[in-house]
Structure formats: structure tokens, C-alpha cells
Protein chains: 2
Amino acid sequence: MKIYRYEENPLLTPADVIPFHDGFEVIGAFNAGIAKFNDEVLMLLRVAERPISDDPKIVKAPVYNLETETIDLIELRKDDSQYDFTDPRVVRDITQSTGFAYLTSISYIRIARSKDGRRFTIDDKPFVYPSGCLETLGIEDPRVTQIGDTYYIYYSAVSPVGIGESMVSTKDFVEVTPHGMIFCPDNKDVLIFPEKVNGKYYALHRPTVKSIGSPEIWIAESENLVHWGNHKHLIGLREAAWDCGRIGGGAVPIRTDKGWLELYHGASLEHRYCMGAALMDLNDPTKVIARSDMPILEPEADYEKNGFFGDVVFSCGALVEGDTVKMYYGAADTSMACAELSLQEILDSLTYI
Amino acid sequence: MKIYRYEENPLLTPADVIPFHDGFEVIGAFNAGIAKFNDEVLMLLRVAERPISDDPKIVKAPVYNLETETIDLIELRKDDSQYDFTDPRVVRDITQSTGFAYLTSISYIRIARSKDGRRFTIDDKPFVYPSGCLETLGIEDPRVTQIGDTYYIYYSAVSPVGIGESMVSTKDFVEVTPHGMIFCPDNKDVLIFPEKVNGKYYALHRPTVKSIGSPEIWIAESENLVHWGNHKHLIGLREAAWDCGRIGGGAVPIRTDKGWLELYHGASLEHRYCMGAALMDLNDPTKVIARSDMPILEPEADYEKNGFFGDVVFSCGALVEGDTVKMYYGAADTSMACAELSLQEILDSLTYI
């Protein structure tokens with residue numbers, strides 16, 4: 001498959017973003033939801049800011065304080081045997097069997113704008129910032145579904161009680177209407193289809209299960225985009241394949257003649273994240289009809305292999321113009337990049353089930 | 001608090017239930033949802049049946065086969081070091097960090113009927129039996145919410161892809177209409193309020209989270225009982241208390257003058273399950289206004305302390321007549337029992353927040 005990575009890649013890096021918080025450094029400008037608004041391409045960037053620590057023995061974990069509306073810094077000593085600091089993204093409490101206790105950075109959503117889809121200018125201020133008790137550890141990995149003149153923006157809401165998916169909407173990228181948490185913890189990687197199918201809205205989602213099962217893609221239906229039900233398991237892991245560790249939806253499903261095309265991410269057990277594709281029935285998206293055996297994009301460029309968390313390509317949005325899929329993606333949990341692929345080549349590469 | 005345990009307790013035990021499956025033994029008739037229908041009290045029993053193993057070195061794990069519509073038995077050797085058999089309820093795969101690989105029994109829902117609420121006659125056949133790929137490991141812990149002349153019955157649906165909550169409805173306890181999975185994995189202990197509050201349906205639910213957080217009670221809203229959203233965290237664990245390990249809703253919320261009364265279960269870190277109470281605002285059930293410091297019922301009787309999984313009282317339904325709360329409950333994951341408490345005494349015992 002021909003892949004055209006933009007010469008401008010990475011399109012945005014942390015160095016391009018001025019920190020919003022005093023005493024913080026931007027460590028990620030990545031995993032952006034993508035929208036076309038008027039004559040511009042908008043990246044709804046996940047910006048991750050990390051408190052600067054003057055003492056290498058101390059890790060400062062940021063937690064948004066709802067009362068003071070500022071960020072508290074929890075100081076953790078690296079020699080504290082209760083904590084495990086080996087994953088740069090999180091601090092684990094070794095007395096807990098799973099999961100993490102703190103994040104090492106706090107994320108919010110900031111807009112970058114472009115006329116040509118290649119050169120972006122970043123807004124000075126956050127667009128969506130953590131609010132409420134379900135977002136005190138940040139908001140991450142936004143996706144955008146445009147339905148009519150409304151843009152629905154949904155993202156992982158992280159707090160000490162779990163990671164769920166919350167949604168807001170806007171018509172102008174200025175005024176924002178909150179819609180609450182649409183998928184309760186543990187859930188992320190929600191992708192709302194851009195139109196109703198047979199009278200119902202559909203969304204992909206990715207529960208993270210503890211009792212039994214794996215991090216796989218499910219589908220749900222809705223009448224109003226806020227309340228979701230009739231959950232069905234949709235796409236599973238594949239043993240010994242590039243997507244054997246975890247999978248989740250990536251870009252908003254694309255309507256094609258052949259079916260609904262989903263560009264999804266899959267990770268190996270070694271946490272190498274690639275992008276693949278799956279095709280759902282046009283009239284019943286709860287039926288998967290085809291899937292890519294091999295990734296359509298793998299971390300190969302330096303900015304994809306090396307960064308805050310390397311060997312990651314992770315798309316949260318794509319634009320389609322004729323046969324061209326402009327797949328924007330986070331690279332190495334650090335930067336934003338874009339690659340163009342042929343829609344027909346993606347469809348031709350799929351194995352029908 | 002005065003607690004009147006019925007002299008007839010346990011009201012039903014596994015010995016009272018003829019196995020539905022040849023070659024199986026009933027090991028549990030417990031955690032029943034409760035309904036009043038015509039002039040009878042109905043227990044919607046969770047009946048757990050275990051394959052009889054002639055070889056003490058072999059554990060047979062039952063899995064419902066959708067194609068043959070019979071139960072496959074996976075034979076596991078007790079000396080296989082890949083598996084951990086210490087919890088009698090499940091088989092764990094020690095190569096997985098959390099959760100279980102198989103259940104040692106398969107559960108379904110069977111009705112027991114009574115004129116006096118004490119002496120029950122059990123139907124010959126299952127009422128709701130596993131169906132579809134989300135229920136191949138069984139269906140568990142039903143609750144029943146009556147709205148008008150319709151009874152909504154919802155239960156944990158267990159399969160290799162997760163434990164979620166699925167719902168059916170009936171008007172006559174003969175014909176059953178399926179409504180699909182209303183809360184995706186990991187979730188259980190759903191309790192739908194018996195009427196709309198300010199124009200919306202509400203339900204308690206209990207996500208089991210892996211990334212961050214604890215097994216605690218959340219609340220969601222709906223317009224149609226099938227699609228749920230606006231999830232909010234409602235009631236948390238309390239350190240060093242009887243409900244420090246895990247909590248979940250128990251009986252359908254009871255409308256009182258003081259607020260919505262929820263009888264919920266809480267477990268200690270040692271898996272001792274008690275029943276407690278919480279009170280939500282009558283006009284806004286997302287607000288908790290009071291909670292019991294001490295359990296309202298603890299495992300004390302022999303049939304509560306000893307059984308398949310001892311030291312458990314676990315209510316899935318109660319009936320209220322005047323000041324009397326008839327709280328039916330599963331005892332020791334084995335049998336059904338009932339205790340009467342005073343509604344006023346429960347309310348008086350609560351500590352307002």
C-alpha cells in the first residue's frame with residue numbers, strides 16, 4: 001500500500017506549544033480529533049503538560065482541584081517502594097493489582113488551525129479544559145463527529161474514580177455545550193458514526209475489562225447521542241498478530257460504497273501501536289464484513305519510533321477527499337503527523353470474513 | 001435495629017431445586033430478584049448448576065454452546081499449574097493479571113412462587129436461560145423493576161468477552177421481550193428506579209474498573225430504559241469500614257418521604273458481604289443525602305456464615321408493606337432467606353451527610 005507521509009511531518013510537536021500552566025512543560029501535542037470548519041482544518045489537540053521537577057528524586061503528579069480551580073501537585077519520591085515509575089505516563093501503586101494511581105502529566109484540548117492541512121497555528125488557550133469531578137486527572141484523545149452543523153466532541157475523562165468517555169458539542173468552536181459522561185468507566189476510544197443508520201445513531205467504544213475479556217471494540221446504539229444501549233461485542237484481538245494486545249477505534253467511521261470503514265488502532269503485547277482497518281455493513285454496522293490482515297500504517301519514521309512513548313501511530317481523525325484519506329495521527333505519544341492513503345487501496349487490502 | 005429473620009429460613013436451598021441439566025448438581029438457589037405478581041410473591045432465583053465430576057482431579061467448566069444449544073464441558077486438571085482453583089466460584093488463569101478464565105457453574109433464572117412470601121414452590125423449568133454470545137457463561141443476580149404492568153428484569157450477562165448487564169421485560173412471567181445489553185462490561189448490580197424522576201428514568205450501576213478506581217456505585221439516566229447516559233459517580237467505598245472492599249446496589253430503590261432508599265451490599269477486603277442503606281434526594285437521585293455507618297444486616301445465622309461462599313448476605317430485592325421492609329437475600333451464595341426490618345428504623349439509623 002502506498003503511504004505518503006507529509007514532508008512537514010511532524011506537523012506539530014510539543015516545542016510548538018506554549019504551556020498553559022506556569023511551571024509546566026508541554027510533553028505532548030498529539031492524538032488530535034480532526035474537523036473541517038469553514039475553510040479550515042482544525043486539530044483538536046490533546047496537549048499534555050508535565051510539572052517541572054527541580055529534584056530528580058521527586059515526581060510531581062498533577063491533579064486538578066475543583067475548589068481552587070488550579071492544579072495541585074502531589075509529590076512522590078522515586079525511592080518510595082510503594083510506587084512504580086517505570087512507565088513514563090503513569091505512577092503505579094504496587095499495592096494495587098492493576099491500573100495506575102497518578103498520571104505524570106495532565107491533558108486538555110487545544111485547537112490548532114490550518115488552511116492547507118499541513119501548517120497549523122495553535123490557539124493561545126485551551127478549548128476544552130477539565131471540569132467536574134470526573135475530569136480531575138485530565139481529558140484525553142478527543143474525536144469529533146460532525147452531524148449537520150453541530151460538532152460532537154468526546155474524549156476520555158480521567159479521574160480517581162475511573163476513565164470514561166464524556167461529550168460536549170459546539171457549532172462554532174467557541175461556545176461549548178456539555179452532555180455529560182456518555183460511556184461509564186472503564187471505557188475510551190468512542191467513535192460516533194456521522195449519520196443515523198436505519199433510524200439509530202451508532203458508536204464504537206472500547207471497554208477495558210477486569211473480570212474477564214480483553215480490550216476490544218464494542219458497538220452501541222442511541223436515539224439522541226447522549227444515552228447509549230444495546231451494546232454488542234464487535235471486533236476482537238487476533239492471536240500473534242499486530243493487534244493481539246489491545247485494539248480501539250481510531251477515526252470517525254467513513255461511509256463508502258462497500259460499507260462503513262473504520263481506521264482503528266491495534267497494539268502488540270509489546271505496546272507497539274499500528275493502524276488497521278475494518279469494514280462494517282452499510283445497513284447494519286453491528287456486522288463486521290472485512291478486516292485488514294496487516295497494518296495500513298506502522299511506526300517507521302523517526303518521529304513515530306522515538307518520543308515520550310515510542311513505536312506508536314494513533315489516529316483520532318481523518319479527512320476524505322475523493323480517493324484520498326488524509327489520516328492525521330499522534331506519533332510516539334508526542335507529536336502530530338499526517339499520512340495520505342488511497343481509499344480504494346485500503347478497501348482492496350481488506351480480507352472479507 | 002430489630003431484625004426479624006423468618007423461622008422458615010433458609011426459604012429455599014439447592015436441595016429444593018431439581019437440576020435442569022443432566023449430570024449437573026444445583027449448588028446455588030440464591031440472589032433472587034423479587035416481584036409481586038397477582039396475589040403471589042415471585043422469587044426470580046439465580047440457580048447455579050455445576051457439572052458433576054467423577055474424578056476429583058478434574059474440574060469441569062461449563063460453557064453454553066450457541067450452535068448445539070447444549071452445554072460444553074471444558075475439562076481442567078487440578079494439577080495444571082496454569083490454573084488457580086482456590087476460589088470455588090471461578091477458575092483463574094495465572095498468566096492473566098486479573099479476573100477469571102472460567103466459572104465452575106452456570107447460572108440461569110428460575111421462578112419460585114409463594115402466597116405467603118415464606119413457602120415457595122419452584123417452577124420445573126428455567127424462566128430466563130442464557131442466549132446469545134454475551135451469555136455463554138451464564139446469567140446472574142437478577143433484579144426486577146415493575147413500572148405500570150411491565151416487569152423489567154435485568155441481570156449480569158457473563159461471557160468470555162465480559163460481564164455486562166442485559167434486560168428483558170414481561171407482563172405475565174410467560175412471554176419475555178429481550179432489550180439487549182443495557183450496560184456494557186464490566187458492569188453489574190444495576191437497579192432501575194421504579195418511576196421517572198423529573199421526567200427521566202434513573203438506574204444505579206456498578207462498573208468494575210481496571211485502569212483506576214474501585215468497584216463503587218454510579219448512577220445513569222435514560223428516556224426509554226434501554227439507552228443510558230449522563231453517568232455520575234454516586235457512592236464510594238469507606239476506608240476500614242464494613243464496605244471498604246466493594247459495594248453495589250441491592251434492592252430496587254424504595255420511595256420514602258425522606259428520599260430514595262437504597263439497600264446496598266458492601267464487602268470487606270476479606271469478602272464478607274453485609275447489607276447497608278443509603279438515601280438519595282427525592283427530586284435528584286444523583287445526590288446522596290444519608291448513609292448507614294453500620295450494616296443493617298450482617299452474616300450471623302449459620303446459613304449466612306456457611307455455604308458455597310460463606311459470610312455473605314446479598315439482597316437483590318425487597319417488598320415494602322407499611323413500615324415493614326421484607327428484605328429477601330441470598331445467603332452464603334447458596335440459599336434464599338428473608339428478614340423483616342422497620343423502614344422507620346432504617347431511616348432513623350442513617351447518618352446525614
# chains A, B, ... in the order shown; residues from 1 in each chain; ligands from 1
$ residues_around --residues "segment 97-110 of chain A" --least-positions-apart "2" --cutoff "8 Å" --atoms "only C-alpha atoms" --output "NGL selection string"
(:A and (44-51 or 59-63 or 88-95 or 112 or 122-123 or 125-130 or 137-140 or 142 or 160)) or (:B and (97-98 or 210-212))
$ closest_atom_pairs --of "chain A" --to "chain B" --cutoff "6 Å" --atoms "only C-alpha atoms" --output "Markdown table"
| residue | atom | partner | partner_atom | distance |
| --- | --- | --- | --- | --- |
| A:Gly99 | CA | B:Ser211 | CA | 4.0 |
| A:Phe100 | CA | B:Ile212 | CA | 5.7 |
| A:Pro160 | CA | B:Gly213 | CA | 5.5 |
| A:Val161 | CA | B:Gly213 | CA | 4.2 |
| A:Gly162 | CA | B:Gly213 | CA | 5.0 |
| A:Gly180 | CA | B:Asn230 | CA | 4.8 |
| A:Met181 | CA | B:Asn230 | CA | 4.9 |
| A:Ile182 | CA | B:Gly229 | CA | 4.9 |
| A:Cys184 | CA | B:His231 | CA | 5.9 |
| A:Asp186 | CA | B:Val209 | CA | 5.4 |
| A:Val209 | CA | B:Asp186 | CA | 5.4 |
| A:Lys210 | CA | B:Lys210 | CA | 5.3 |
| A:Ser211 | CA | B:Gly99 | CA | 4.0 |
| A:Ile212 | CA | B:Gly162 | CA | 5.1 |
| A:Gly213 | CA | B:Val161 | CA | 4.2 |
| A:Val226 | CA | B:Gly229 | CA | 5.7 |
| A:His227 | CA | B:Gly229 | CA | 4.1 |
| A:Trp228 | CA | B:His227 | CA | 4.2 |
| A:Gly229 | CA | B:His227 | CA | 4.1 |
| A:Asn230 | CA | B:Met181 | CA | 4.8 |
| A:His231 | CA | B:Met181 | CA | 5.2 |
$ closest_residue --among "A:Arg113, A:Arg291, A:Arg238, A:Arg5" --to "Lys326 of chain A" --atoms "only C-alpha atoms"
A:Arg5
$ atom_distance --atom1 "atom CA of Ile289 of chain B" --atom2 "atom CA of Leu204 of chain B"
15.4 Å
$ residues_around --residues "segment 10-25 of chain A" --least-positions-apart "3" --cutoff "7 Å" --atoms "only C-alpha atoms" --output "ChimeraX atom specification"
/A:28-29,49-52,118-119,125,303,334-337
$ atom_distance --atom1 "atom CA of Leu42 of chain B" --atom2 "atom CA of Gly117 of chain B"
8.2 Å
$ select_by_dssp --residues "segment 219-263 of chain B" --states "strand (DSSP E)" --output "PyMOL selection string"
chain B and resi 219-222+228-235+246-249+254-255+260-263
$ closest_residue --among "A:Glu270, A:Lys200, A:Ala301, A:Gly248" --to "Thr286 of chain A" --atoms "only C-alpha atoms"
A:Lys200
$ decode --residues "segment 142-255 of chain A" --atoms "C-alpha atoms" --output "PDB file, in the first residue's frame"
ATOM      1  CA  PRO A 142     -10.690  13.684  21.580  1.00  0.00           C
ATOM      2  CA  ARG A 143     -12.638  12.659  18.493  1.00  0.00           C
ATOM      3  CA  VAL A 144     -15.051  14.881  16.565  1.00  0.00           C
ATOM      4  CA  THR A 145     -18.185  13.804  14.715  1.00  0.00           C
ATOM      5  CA  GLN A 146     -19.955  16.429  12.627  1.00  0.00           C
ATOM      6  CA  ILE A 147     -23.704  15.919  12.270  1.00  0.00           C
ATOM      7  CA  GLY A 148     -25.379  18.747  10.377  1.00  0.00           C
ATOM      8  CA  ASP A 149     -23.854  21.985  11.654  1.00  0.00           C
ATOM      9  CA  THR A 150     -23.070  20.543  15.092  1.00  0.00           C
ATOM     10  CA  TYR A 151     -19.707  19.134  16.062  1.00  0.00           C
ATOM     11  CA  TYR A 152     -19.824  16.495  18.804  1.00  0.00           C
ATOM     12  CA  ILE A 153     -16.513  16.285  20.636  1.00  0.00           C
ATOM     13  CA  TYR A 154     -15.929  13.386  23.002  1.00  0.00           C
ATOM     14  CA  TYR A 155     -12.870  12.347  24.933  1.00  0.00           C
ATOM     15  CA  SER A 156     -11.534  10.184  27.733  1.00  0.00           C
ATOM     16  CA  ALA A 157     -12.390  11.782  31.076  1.00  0.00           C
ATOM     17  CA  VAL A 158      -9.866  10.657  33.678  1.00  0.00           C
ATOM     18  CA  SER A 159     -10.315  10.904  37.440  1.00  0.00           C
ATOM     19  CA  PRO A 160      -9.600   8.805  40.524  1.00  0.00           C
ATOM     20  CA  VAL A 161     -12.963   7.034  40.048  1.00  0.00           C
ATOM     21  CA  GLY A 162     -12.226   5.833  36.531  1.00  0.00           C
ATOM     22  CA  ILE A 163     -11.732   6.603  32.846  1.00  0.00           C
ATOM     23  CA  GLY A 164     -14.988   7.161  30.978  1.00  0.00           C
ATOM     24  CA  GLU A 165     -15.995   8.997  27.825  1.00  0.00           C
ATOM     25  CA  SER A 166     -17.604  12.437  28.093  1.00  0.00           C
ATOM     26  CA  MET A 167     -19.044  14.620  25.362  1.00  0.00           C
ATOM     27  CA  VAL A 168     -19.539  18.281  24.534  1.00  0.00           C
ATOM     28  CA  SER A 169     -20.863  19.894  21.378  1.00  0.00           C
ATOM     29  CA  THR A 170     -20.283  23.134  19.532  1.00  0.00           C
ATOM     30  CA  LYS A 171     -21.396  24.854  16.359  1.00  0.00           C
ATOM     31  CA  ASP A 172     -18.649  27.472  16.242  1.00  0.00           C
ATOM     32  CA  PHE A 173     -15.712  26.141  18.273  1.00  0.00           C
ATOM     33  CA  VAL A 174     -16.321  28.973  20.731  1.00  0.00           C
ATOM     34  CA  GLU A 175     -19.480  28.131  22.660  1.00  0.00           C
ATOM     35  CA  VAL A 176     -19.465  24.623  24.128  1.00  0.00           C
ATOM     36  CA  THR A 177     -22.453  22.646  25.460  1.00  0.00           C
ATOM     37  CA  PRO A 178     -21.699  19.794  27.898  1.00  0.00           C
ATOM     38  CA  HIS A 179     -23.556  16.477  27.563  1.00  0.00           C
ATOM     39  CA  GLY A 180     -22.056  14.589  30.493  1.00  0.00           C
ATOM     40  CA  MET A 181     -20.394  11.200  30.515  1.00  0.00           C
ATOM     41  CA  ILE A 182     -21.821   9.094  27.694  1.00  0.00           C
ATOM     42  CA  PHE A 183     -19.897   5.856  28.422  1.00  0.00           C
ATOM     43  CA  CYS A 184     -19.067   4.994  32.014  1.00  0.00           C
ATOM     44  CA  PRO A 185     -15.677   3.633  33.141  1.00  0.00           C
ATOM     45  CA  ASP A 186     -13.677   1.797  32.049  1.00  0.00           C
ATOM     46  CA  ASN A 187     -14.212   2.999  28.503  1.00  0.00           C
ATOM     47  CA  LYS A 188     -12.390   5.020  25.855  1.00  0.00           C
ATOM     48  CA  ASP A 189     -11.883   5.211  22.069  1.00  0.00           C
ATOM     49  CA  VAL A 190     -15.521   6.092  21.349  1.00  0.00           C
ATOM     50  CA  LEU A 191     -16.325   6.850  17.702  1.00  0.00           C
ATOM     51  CA  ILE A 192     -19.787   8.154  16.843  1.00  0.00           C
ATOM     52  CA  PHE A 193     -20.953   7.451  13.303  1.00  0.00           C
ATOM     53  CA  PRO A 194     -21.616  10.645  11.300  1.00  0.00           C
ATOM     54  CA  GLU A 195     -25.225   9.826  10.456  1.00  0.00           C
ATOM     55  CA  LYS A 196     -28.087   7.628  11.587  1.00  0.00           C
ATOM     56  CA  VAL A 197     -28.261   4.118  10.180  1.00  0.00           C
ATOM     57  CA  ASN A 198     -31.763   2.719   9.930  1.00  0.00           C
ATOM     58  CA  GLY A 199     -33.022   5.366  12.314  1.00  0.00           C
ATOM     59  CA  LYS A 200     -30.402   4.961  15.022  1.00  0.00           C
ATOM     60  CA  TYR A 201     -27.104   6.513  15.906  1.00  0.00           C
ATOM     61  CA  TYR A 202     -24.218   4.106  16.422  1.00  0.00           C
ATOM     62  CA  ALA A 203     -20.910   4.377  18.238  1.00  0.00           C
ATOM     63  CA  LEU A 204     -17.883   2.175  18.571  1.00  0.00           C
ATOM     64  CA  HIS A 205     -16.451   2.021  22.070  1.00  0.00           C
ATOM     65  CA  ARG A 206     -13.697   0.200  23.874  1.00  0.00           C
ATOM     66  CA  PRO A 207     -14.417  -1.118  27.378  1.00  0.00           C
ATOM     67  CA  THR A 208     -11.352  -2.032  29.419  1.00  0.00           C
ATOM     68  CA  VAL A 209     -12.496  -5.100  31.292  1.00  0.00           C
ATOM     69  CA  LYS A 210     -11.166  -6.562  34.509  1.00  0.00           C
ATOM     70  CA  SER A 211     -13.260  -9.632  35.351  1.00  0.00           C
ATOM     71  CA  ILE A 212     -12.959 -11.461  32.048  1.00  0.00           C
ATOM     72  CA  GLY A 213     -12.249 -10.454  28.455  1.00  0.00           C
ATOM     73  CA  SER A 214      -9.811  -8.199  26.615  1.00  0.00           C
ATOM     74  CA  PRO A 215      -9.591  -4.565  25.477  1.00  0.00           C
ATOM     75  CA  GLU A 216     -11.669  -4.941  22.295  1.00  0.00           C
ATOM     76  CA  ILE A 217     -14.109  -2.914  20.182  1.00  0.00           C
ATOM     77  CA  TRP A 218     -17.830  -2.887  21.008  1.00  0.00           C
ATOM     78  CA  ILE A 219     -20.723  -1.083  19.334  1.00  0.00           C
ATOM     79  CA  ALA A 220     -23.756   0.629  20.893  1.00  0.00           C
ATOM     80  CA  GLU A 221     -26.833   2.429  19.601  1.00  0.00           C
ATOM     81  CA  SER A 222     -28.612   5.626  20.603  1.00  0.00           C
ATOM     82  CA  GLU A 223     -31.567   7.783  19.724  1.00  0.00           C
ATOM     83  CA  ASN A 224     -30.113  11.060  20.979  1.00  0.00           C
ATOM     84  CA  LEU A 225     -26.279  10.677  21.136  1.00  0.00           C
ATOM     85  CA  VAL A 226     -26.393  11.059  24.934  1.00  0.00           C
ATOM     86  CA  HIS A 227     -27.959   7.771  26.087  1.00  0.00           C
ATOM     87  CA  TRP A 228     -26.466   4.533  24.722  1.00  0.00           C
ATOM     88  CA  GLY A 229     -27.500   0.894  24.868  1.00  0.00           C
ATOM     89  CA  ASN A 230     -27.868  -2.438  23.059  1.00  0.00           C
ATOM     90  CA  HIS A 231     -24.147  -2.985  23.455  1.00  0.00           C
ATOM     91  CA  LYS A 232     -22.592  -5.675  21.273  1.00  0.00           C
ATOM     92  CA  HIS A 233     -19.093  -7.050  21.027  1.00  0.00           C
ATOM     93  CA  LEU A 234     -17.800  -6.177  17.567  1.00  0.00           C
ATOM     94  CA  ILE A 235     -14.079  -6.699  16.837  1.00  0.00           C
ATOM     95  CA  GLY A 236     -11.709  -8.881  18.842  1.00  0.00           C
ATOM     96  CA  LEU A 237      -7.965  -9.288  19.235  1.00  0.00           C
ATOM     97  CA  ARG A 238      -6.099 -11.659  16.921  1.00  0.00           C
ATOM     98  CA  GLU A 239      -3.598 -14.020  18.433  1.00  0.00           C
ATOM     99  CA  ALA A 240       0.046 -13.480  17.485  1.00  0.00           C
ATOM    100  CA  ALA A 241      -0.935 -10.622  15.151  1.00  0.00           C
ATOM    101  CA  TRP A 242      -0.001  -6.942  15.235  1.00  0.00           C
ATOM    102  CA  ASP A 243      -3.320  -6.306  17.043  1.00  0.00           C
ATOM    103  CA  CYS A 244      -3.067  -9.093  19.631  1.00  0.00           C
ATOM    104  CA  GLY A 245      -2.663  -6.861  22.689  1.00  0.00           C
ATOM    105  CA  ARG A 246      -5.368  -4.221  22.550  1.00  0.00           C
ATOM    106  CA  ILE A 247      -7.490  -2.516  19.917  1.00  0.00           C
ATOM    107  CA  GLY A 248      -9.722   0.522  19.798  1.00  0.00           C
ATOM    108  CA  GLY A 249     -11.482   2.709  17.278  1.00  0.00           C
ATOM    109  CA  GLY A 250      -9.438   5.485  15.674  1.00  0.00           C
ATOM    110  CA  ALA A 251     -11.047   7.789  13.148  1.00  0.00           C
ATOM    111  CA  VAL A 252     -14.772   8.519  12.765  1.00  0.00           C
ATOM    112  CA  PRO A 253     -16.239   5.731  10.581  1.00  0.00           C
ATOM    113  CA  ILE A 254     -16.144   6.615   6.874  1.00  0.00           C
ATOM    114  CA  ARG A 255     -19.123   5.850   4.676  1.00  0.00           C
TER     115      ARG A 255
END
